[in-house]
Amino acid sequence: MVYPGSFKKLVEVLCRFPGVGPKTAQRLAFYLLGLSRDDVVAIARAMVEAKDKLGFCPLCGCLSELDSCSYCNDAGRDQSILLIVQEARDVLVMERTGQYRGLYHVLHGALSPLDGIGPEELKLDRLEKRIAEKEVSEVIIATNPNVEGDATAGYLARLLKPYSVRVTRIAFGLPVGGDIEYADDLTLSRALDGRREM
Amino acid sequence: MKERIFAAEGLIIRTRVLGEADRIVTLLTREEGKFEAVARGARKTKSKLAAGVDIFAHGRFTFHRGRTWPIVTSLDPIERFNWFRDNPDLYPYGLYLAELTDRFNSGEESCPEMFQLLLDGWQLLGGDVDHALLCRAFELKLANCGGYSPQMHFCTVCGCEVSLLFSPKQGGMVCSRCSATDAVKITAGTLALAKHLIEIPMAKVTKLRAGAEQKSELAGLTASFFAYHLDLGDLKTRRLLPE
Ligand SMILES: [Zn+2]
Ligand SMILES: [Zn+2]
């Protein structure tokens, strides 16, 4: 197949997006070509602007505007609660619930010795410093419910013991909309552990 | 010609993410050796596979031979060694045994002894056992599976029986006349401990206790031996062990 040079280049670039193969890239390329020049410029500009203006907040690790973190600097948020997550994208998921009004702390990973990630790599001293210096009364650990995430949660709970702070783990239960019959035993036993009064 | 569908009893010794929701797992199996397989959708919260295709899982798996990797189609969980996820002290030990096994085992040749060794190791770490001694026993027995066991009973060079020098390069104990430059003196107690660990079955390690000096001498001995013979110098998990 012979493509015009700049089309080929565009497809190659689009292929670098996660989950995008050559076919999808081609479709996206044709989509872009179908847009007006202004629309294409707007898309390109949004990408560059995001890249220039966004970063991870040095205090909480959330994705934020470089000059001011929209979480840390929000006076309406409860400064006494910290929710710990593995990835910055987990914050967006939590925000979607609209239920949580405290602050965040993003680890950018989990304890994974096989990948050379230990407590130092997760910069846990920063978390400790934050808890020691700010008025934090509760820490909610929301690392992933897999071995890595659970081990990390256990490690954090022990690390934070000396600080007078309540440490909780978010509850894990049955996925909403499914039948109990299809749940695996570990999920079910956790759902039982996390049961609540009605 | 290999069957399209096959089953094996396996231990998951490593996992990594693939794409949006899949997970690639490295399995050490009793029947088929070590290989990688894909667990499709294993990172979705509704996945039925998720809990059973994580590291430390022991189960009976069935696979469909895919184009690149075998695909996990179903599994029957046997054990999950939950102490590794619940106890942050045990977690690095469990991973250390996994990494050592992974690095030691190069391919698909099946080695049921190695499978059993790892199974025993993970099992015993959950009980009352000296973690360091268990790791040393595991290292020595793993070396034995590969036919690399260090010679501890007499001088590796001349065969005489009076030797308290250990030479990684010469593959075990040497006497003072035959010693190479890398030979280090070890105490009679450490030598006896090493011999004992090689001989006894894993389950018996739970009864053993040893002094700190012996343990650190033995740790140095196995580390130098592995580093020289097996090029295992750079074990990521070892630096996170509390020893
Ligand atoms: Zn912030
Ligand atoms: Zn000799």
# chains A, B, ... in the order shown; residues from 1 in each chain; ligands from 1
$ interface_residues --of "chain A" --to "chain B" --cutoff "12 Å" --atoms "only C-alpha atoms" --output "PyMOL selection string"
chain A and resi 17-21+111-121+144-159+172-190
$ residues_around --residues "stretch 24-35 of chain B" --least-positions-apart "2" --cutoff "7 Å" --atoms "only C-alpha atoms" --output "PDB file with C-alpha atoms, in the first residue's frame"
ATOM      1  CA  ALA B   8      -1.576 -27.497  34.311  1.00  0.00           C
ATOM      2  CA  GLU B   9      -1.166 -27.013  38.035  1.00  0.00           C
ATOM      3  CA  GLY B  10       0.665 -23.748  38.435  1.00  0.00           C
ATOM      4  CA  LEU B  11       2.067 -21.105  40.739  1.00  0.00           C
ATOM      5  CA  ILE B  12       2.052 -17.498  39.586  1.00  0.00           C
ATOM      6  CA  ILE B  13       5.518 -16.086  40.107  1.00  0.00           C
ATOM      7  CA  ARG B  14       5.217 -12.797  38.268  1.00  0.00           C
ATOM      8  CA  THR B  15       2.559 -10.519  36.788  1.00  0.00           C
ATOM      9  CA  ARG B  16       2.604  -7.498  34.541  1.00  0.00           C
ATOM     10  CA  VAL B  17      -0.059  -5.411  32.888  1.00  0.00           C
ATOM     11  CA  LEU B  18      -0.967  -5.730  29.247  1.00  0.00           C
ATOM     12  CA  ASP B  22      -5.348  -7.667  30.661  1.00  0.00           C
ATOM     13  CA  ALA B  37       0.112 -16.646  29.744  1.00  0.00           C
ATOM     14  CA  VAL B  38      -2.488 -13.937  29.266  1.00  0.00           C
ATOM     15  CA  ALA B  39      -5.443 -13.452  31.585  1.00  0.00           C
ATOM     16  CA  GLY B 107      12.631 -22.336  29.922  1.00  0.00           C
ATOM     17  CA  GLU B 108       9.835 -24.739  29.343  1.00  0.00           C
ATOM     18  CA  GLU B 109      11.553 -27.851  30.547  1.00  0.00           C
ATOM     19  CA  SER B 110       9.433 -29.075  33.414  1.00  0.00           C
ATOM     20  CA  CYS B 111      11.003 -29.561  36.808  1.00  0.00           C
ATOM     21  CA  PRO B 112       8.484 -30.928  39.311  1.00  0.00           C
ATOM     22  CA  PHE B 115       7.630 -26.577  41.546  1.00  0.00           C
TER      23      PHE B 115
END
$ closest_residue --among "A:Leu32, A:Leu107, A:Ile43, A:Val11" --to "A:Ala88" --atoms "only C-alpha atoms"
A:Leu107
$ residues_around --residues "B:Thr101" --least-positions-apart "6" --cutoff "8 Å" --atoms "only C-alpha atoms" --output "VMD selection string"
chain B and resid 114 118 142
$ residues_near_ligand --ligand "ligand 2" --cutoff "9 Å" --atoms "only C-alpha atoms and all ligand atoms" --output "list of chain:residue names"
B:Phe154, B:Cys155, B:Thr156, B:Val157, B:Cys158, B:Gly159, B:Cys160, B:Glu161, B:Val162, B:Ser163, B:Met173, B:Val174, B:Cys175, B:Ser176, B:Arg177, B:Cys178, B:Ser179
$ residues_near_ligand --ligand "ligand 1" --cutoff "7 Å" --atoms "only C-alpha atoms and all ligand atoms" --output "PyMOL selection string"
chain A and resi 57-62+69-72
$ residues_around --residues "stretch 209-220 of chain B" --least-positions-apart "6" --cutoff "8 Å" --atoms "only C-alpha atoms" --output "list in words"
Asp130, Ala132, Leu133, Arg136, Ile186, Thr187, Gly189, Thr190 and Ala194 of chain B
$ write_last_selection --atoms "N, CA and C atoms" --output "CSV table (one decimal), in the first residue's frame"
chain,number,residue,atom,x,y,z
B,130,ASP,N,12.2,-19.5,60.8
B,130,ASP,CA,13.2,-18.5,60.6
B,130,ASP,C,13.2,-18.1,59.2
B,132,ALA,N,15.1,-16.2,57.3
B,132,ALA,CA,16.4,-16.2,56.7
B,132,ALA,C,16.8,-17.6,56.4
B,133,LEU,N,16.7,-18.5,57.4
B,133,LEU,CA,17.1,-19.9,57.2
B,133,LEU,C,16.3,-20.6,56.1
B,136,ARG,N,17.8,-19.5,52.9
B,136,ARG,CA,19.0,-20.2,52.6
B,136,ARG,C,18.8,-21.7,52.1
B,186,ILE,N,35.1,-20.1,56.8
B,186,ILE,CA,33.8,-20.1,57.5
B,186,ILE,C,33.9,-21.0,58.8
B,187,THR,N,33.1,-20.7,59.7
B,187,THR,CA,33.2,-21.5,61.0
B,187,THR,C,32.6,-22.9,60.8
B,189,GLY,N,30.5,-24.2,62.6
B,189,GLY,CA,29.1,-24.2,62.9
B,189,GLY,C,28.3,-23.9,61.6
B,190,THR,N,28.8,-22.9,60.8
B,190,THR,CA,28.1,-22.5,59.6
B,190,THR,C,28.2,-23.6,58.6
B,194,ALA,N,25.0,-25.4,56.8
B,194,ALA,CA,24.9,-25.5,55.4
B,194,ALA,C,24.6,-26.9,54.9
$ closest_residue --among "B:Thr62, B:Asn105, B:Gln170, B:Thr68" --to "B:Ala183" --atoms "only C-alpha atoms"
B:Gln170
$ atom_distance --atom1 "atom CA of A:Val85" --atom2 "atom CA of B:Ala21"
18.2 Å
$ atom_distance --atom1 "atom CA of B:Arg23" --atom2 "atom CA of A:Ala110"
16.0 Å
$ residues_around --residues "B:Ala137" --least-positions-apart "4" --cutoff "7 Å" --atoms "only C-alpha atoms" --output "list in words"
Leu133, Lys141, Leu197 and Ile198 of chain B
$ write_last_selection --atoms "N, CA and C atoms" --output "short mmCIF file (atom, residue, chain, number, x, y, z; two decimals), in the first residue's frame"
data_model
loop_
_atom_site.label_atom_id
_atom_site.label_comp_id
_atom_site.auth_asym_id
_atom_site.auth_seq_id
_atom_site.Cartn_x
_atom_site.Cartn_y
_atom_site.Cartn_z
N LEU B 133 16.67 -18.50 57.40
CA LEU B 133 17.09 -19.90 57.21
C LEU B 133 16.29 -20.57 56.11
N LYS B 141 18.66 -25.66 47.84
CA LYS B 141 17.89 -26.72 47.18
C LYS B 141 17.58 -26.37 45.74
N LEU B 197 21.14 -27.99 55.98
CA LEU B 197 20.08 -27.40 55.16
C LEU B 197 19.97 -28.11 53.80
N ILE B 198 21.09 -28.55 53.27
CA ILE B 198 21.07 -29.25 51.98
C ILE B 198 20.37 -30.61 52.12
#
$ select_by_dssp --residues "stretch 39-117 of chain A" --states "strand (DSSP E or B)" --output "list in words"
Leu54, Gly55, Phe56, Leu63, Ser64, Glu65, Asp78, Gln79, Ser80, Ile81, Leu82, Leu83, Ile84, Val85, Gly102, Leu103, Tyr104, His105, Val106, Ser112 and Ile117 of chain A
$ residues_around --residues "A:Glu138" --least-positions-apart "2" --cutoff "12 Å" --atoms "only C-alpha atoms" --output "ChimeraX atom specification"
/A:78-84,102-104,131,134-136,140-141,157,160-161,163-169
$ atom_distance --atom1 "atom CA of A:Val93" --atom2 "atom CA of A:Asn73"
19.6 Å
